[in-house]
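Asker: One structure, pasted below without further comment.
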Amino acid sequence: MYTIDNRREVGCPFRNCKIVDFRSLTKFMKFIQQFSIILFVSFLGEGLKLLLPFPIPASVYGLVLMLAALQFHVIKLDQVRETSAFLIEIMPVMFIPAGVGLLNSWNVLKPICIPVILITLLTTIIVMTVTGQVAQIIIQKGKKEEKR
């Protein structure tokens with residue numbers, strides 16, 4: 001017999017099996033539920049990609065749908081918080097296949113390597129500058145509203 005949280009004993013029909021306590025199982029099921037919500041919104045984004053003729057990736061449609069659902073409280077933040085934090089934590093790992101793909105395509109990329117690097121640096125600087133300026137404007141507006 002195996003004990004679960006010292007509450008009751010249950011039999012285990014398999015050899016060498018471990019019984020997981022209810023708190024771990026509940027937490028696991030919460031992650032599954034949150035991940036299912038995120039996958040469903042991504043699936044809706046894929047559906048929009050098929051229906052709409054615009055050259056926008058399905059993932060962007062999914063992100064816009066998720067933003068709208070969170071803004072209009074169709075999905076509450078607590079319904080996806082833990083799983084989304086986990087996905088953000090492992091996001092760098094998701095770039096490894098893209099990096100390997102670039103290495104496999106080195107022969108094609110070699111002639112255009114310098115222009116790609118220059119364009120990447122230039123656009124990074126532009127994005128950082130614009131983001132900083134917008135952040136400054138938002139901060140200044142917030143300070144003006146606090147003074148009122």
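Labels for the structure tokens follow display order: chains A, B, ..., residues from 1 in each chain, ligands from 1.
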Enumerate, as a ChimeraX atom specification, the complete set of residues in chain A that a backbone-based DSSP assignment places in helix (DSSP H, G or I).
Answerer: /A:22-51,58-71,77-79,81-89,91-94,96-104,106-147
Asker: Using DSSP on the backbone, list every residue of chain A that comes out as strand (DSSP E or B), and give them as a VMD selection string.
Answerer: chain A and resid 2 to 4 8 to 10
Asker: Pull all heavy atoms from the residues just selected and write them as a PDB file, in the first residue's frame.
Answerer:
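In the end it all went to again_4.pdb:
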ATOM      1  N   TYR A   2       0.378   2.278  -0.681  1.00  0.00           N
ATOM      2  CA  TYR A   2       1.069   3.550  -0.766  1.00  0.00           C
ATOM      3  C   TYR A   2       0.238   4.612  -0.086  1.00  0.00           C
ATOM      4  O   TYR A   2      -0.983   4.554  -0.076  1.00  0.00           O
ATOM      5  CB  TYR A   2       1.302   3.935  -2.234  1.00  0.00           C
ATOM      6  CG  TYR A   2       2.208   2.978  -2.945  1.00  0.00           C
ATOM      7  CD1 TYR A   2       1.702   1.861  -3.596  1.00  0.00           C
ATOM      8  CD2 TYR A   2       3.572   3.183  -2.941  1.00  0.00           C
ATOM      9  CE1 TYR A   2       2.535   0.968  -4.229  1.00  0.00           C
ATOM     10  CE2 TYR A   2       4.418   2.302  -3.581  1.00  0.00           C
ATOM     11  CZ  TYR A   2       3.899   1.197  -4.231  1.00  0.00           C
ATOM     12  OH  TYR A   2       4.734   0.324  -4.860  1.00  0.00           O
ATOM     13  N   THR A   3       0.891   5.604   0.459  1.00  0.00           N
ATOM     14  CA  THR A   3       0.190   6.655   1.183  1.00  0.00           C
ATOM     15  C   THR A   3       0.223   7.941   0.370  1.00  0.00           C
ATOM     16  O   THR A   3       1.255   8.297  -0.183  1.00  0.00           O
ATOM     17  CB  THR A   3       0.856   6.908   2.555  1.00  0.00           C
ATOM     18  OG1 THR A   3       0.934   5.674   3.235  1.00  0.00           O
ATOM     19  CG2 THR A   3       0.075   7.917   3.359  1.00  0.00           C
ATOM     20  N   ILE A   4      -0.909   8.599   0.294  1.00  0.00           N
ATOM     21  CA  ILE A   4      -1.006   9.896  -0.359  1.00  0.00           C
ATOM     22  C   ILE A   4      -1.266  10.936   0.711  1.00  0.00           C
ATOM     23  O   ILE A   4      -2.328  10.935   1.338  1.00  0.00           O
ATOM     24  CB  ILE A   4      -2.139   9.925  -1.410  1.00  0.00           C
ATOM     25  CG1 ILE A   4      -1.878   8.886  -2.481  1.00  0.00           C
ATOM     26  CG2 ILE A   4      -2.269  11.317  -2.005  1.00  0.00           C
ATOM     27  CD1 ILE A   4      -2.979   8.777  -3.492  1.00  0.00           C
ATOM     28  N   ARG A   8      -4.874   8.689   3.140  1.00  0.00           N
ATOM     29  CA  ARG A   8      -5.479   7.378   2.925  1.00  0.00           C
ATOM     30  C   ARG A   8      -4.491   6.517   2.157  1.00  0.00           C
ATOM     31  O   ARG A   8      -3.572   7.007   1.521  1.00  0.00           O
ATOM     32  CB  ARG A   8      -6.790   7.501   2.159  1.00  0.00           C
ATOM     33  CG  ARG A   8      -6.662   8.091   0.789  1.00  0.00           C
ATOM     34  CD  ARG A   8      -8.043   8.284   0.153  1.00  0.00           C
ATOM     35  NE  ARG A   8      -7.898   8.945  -1.125  1.00  0.00           N
ATOM     36  CZ  ARG A   8      -7.895   8.329  -2.302  1.00  0.00           C
ATOM     37  NH1 ARG A   8      -8.064   7.032  -2.376  1.00  0.00           N
ATOM     38  NH2 ARG A   8      -7.751   9.007  -3.429  1.00  0.00           N
ATOM     39  N   GLU A   9      -4.679   5.253   2.207  1.00  0.00           N
ATOM     40  CA  GLU A   9      -3.800   4.338   1.498  1.00  0.00           C
ATOM     41  C   GLU A   9      -4.484   3.856   0.238  1.00  0.00           C
ATOM     42  O   GLU A   9      -5.690   3.621   0.211  1.00  0.00           O
ATOM     43  CB  GLU A   9      -3.449   3.137   2.382  1.00  0.00           C
ATOM     44  CG  GLU A   9      -2.573   3.504   3.555  1.00  0.00           C
ATOM     45  CD  GLU A   9      -2.129   2.278   4.330  1.00  0.00           C
ATOM     46  OE1 GLU A   9      -2.498   1.153   3.946  1.00  0.00           O
ATOM     47  OE2 GLU A   9      -1.416   2.447   5.316  1.00  0.00           O
ATOM     48  N   VAL A  10      -3.716   3.736  -0.832  1.00  0.00           N
ATOM     49  CA  VAL A  10      -4.244   3.224  -2.081  1.00  0.00           C
ATOM     50  C   VAL A  10      -3.296   2.155  -2.593  1.00  0.00           C
ATOM     51  O   VAL A  10      -2.115   2.162  -2.307  1.00  0.00           O
ATOM     52  CB  VAL A  10      -4.400   4.334  -3.143  1.00  0.00           C
ATOM     53  CG1 VAL A  10      -5.427   5.347  -2.699  1.00  0.00           C
ATOM     54  CG2 VAL A  10      -3.088   5.014  -3.436  1.00  0.00           C
TER      55      VAL A  10
END
Asker: Which residue is closest to Ala69 in chain A? Choose from A:Ile88, A:Val41, A:Leu48, A:Met128 and count only C-alpha atoms.
Answerer: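 Smallest separation from Ala69 in chain A among the options: A:Val41.
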Asker: Which of these, A:Phe95, A:Trp106, A:Phe86, A:Phe72, has the shortest distance to Phe35 in chain A once you count only C-alpha atoms?
Answerer: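 Smallest separation from Phe35 in chain A among the options: A:Phe86.
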Asker: Compile the contact shell of range 58-62 of chain A as a CSV table (one decimal) with C-alpha atoms, in the first residue's frame: residues with an atom at most 9 Å away, counting only C-alpha atoms, same-chain residues fewer than 3 positions apart removed.
Answerer:
chain,number,residue,atom,x,y,z
A,38,ILE,CA,-2.8,29.3,-25.3
A,41,VAL,CA,-5.8,30.9,-29.3
A,42,SER,CA,-2.9,29.9,-31.5
A,43,PHE,CA,-5.2,27.6,-33.4
A,44,LEU,CA,-7.7,30.5,-33.9
A,45,GLY,CA,-4.7,32.5,-35.3
A,46,GLU,CA,-4.0,29.6,-37.8
A,47,GLY,CA,-7.7,29.7,-38.8
A,48,LEU,CA,-7.6,33.4,-39.4
A,49,LYS,CA,-4.5,33.0,-41.5
A,50,LEU,CA,-6.4,30.6,-43.8
A,65,LEU,CA,-6.3,37.5,-30.5
A,66,MET,CA,-4.7,36.8,-27.2
A,67,LEU,CA,-4.1,40.5,-26.5
Asker: Nearest residue to Val80 in chain A out of A:Thr131, A:Arg23, A:Leu39, A:Lys147, using only C-alpha atoms?
Answerer: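 Result for the nearest residue to Val80 in chain A: A:Leu39.
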